[in-house]
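Here the structure comes first, spelled out in structure tokens, and everything after it is commentary.
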Amino acid sequence: MRLSQLAPQTFDLELVTPTGVDTGVVLKLVGMDSAQFMSGMKKLAQAKQQADASKKTLSIDQLTRLNAETLASCIVGWTGLEDEAGATLSYSNEKALEILLNPEYNWIREAIDGAVESRQNFFRHNDQA
């Protein structure tokens, strides 16, 4: 087997609402073995170290933002997402972060979190090689 076939691939997360409705939105993700995820975890660790050094704790809002930034960086594209006027919403990291910071979309953040942390999602295509 080629070494390149052992590396994780992207994963297409088909968004389904908590009630089981298929949204038609597909998020292209990288997983916990990606540079994006590792960078986010490093940023979180540094923030915790700085807080500890100053004898402070990170607030829930700070932790939520750091988590959302990490997960937003794991989104590398999407299809099927529209704005309120029905126009196609182009992918950007900034828009992804905006969505993930909106409490109305906590279920999306939870779905991404679960998908990103499931290493098997990023290797399923390799098994077919």
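Identifiers in this document derive from the order of the structure tokens: chains are assigned A, B, ..., residues are numbered from 1 separately in each chain, and ligands are numbered from 1 in order of occurrence.
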
Exercise. Near Asp33 in chain A, within 12 Å and counting only C-alpha atoms, which residues show up once chain neighbours fewer than 2 positions away are dropped, as a ChimeraX atom specification?
Worked result: /A:6-10,29-31,35-41,74,116-123

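Around range 50-52 of chain A, within 12 Å and counting only C-alpha atoms, the residues found are Lys43, Leu44, Leu58, Ser59, Gln62 and Leu63 of chain A, once anything fewer than 6 positions away on its own chain is removed.
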
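Separating CA of Thr70 in chain A from CA of Trp107 in chain A is a distance of 16.0 Å.
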
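Atom to atom, CA of Lys48 in chain A and CA of Glu104 in chain A stand 26.8 Å apart.
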
Problem set entry | Spatial neighbours of Thr79 in chain A, max dist 12 Å, only C-alpha atoms, sep filter under 4 positions, as a ChimeraX atom specification | /A:12-15,23-29,75,87-92

Problem set entry | Filtered DSSP result for chain A, state helix (DSSP H, G or I), as a VMD selection string | chain A and resid 3 to 6 35 to 53 60 to 74 93 to 101 103 to 117 119 to 122 126 to 128

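CA of Ser34 in chain A sits 27.1 Å away from CA of Pro18 in chain A.
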
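Taking the backbone of this structure through DSSP, the residues of chain A that come out as strand (DSSP E) are Phe11, Asp12, Leu13, Glu14, Leu15, Val16, Asp22, Thr23, Gly24, Val25, Val26, Leu27, Lys28, Leu29, Ile75, Val76, Gly77, Trp78 and Thr79 of chain A.
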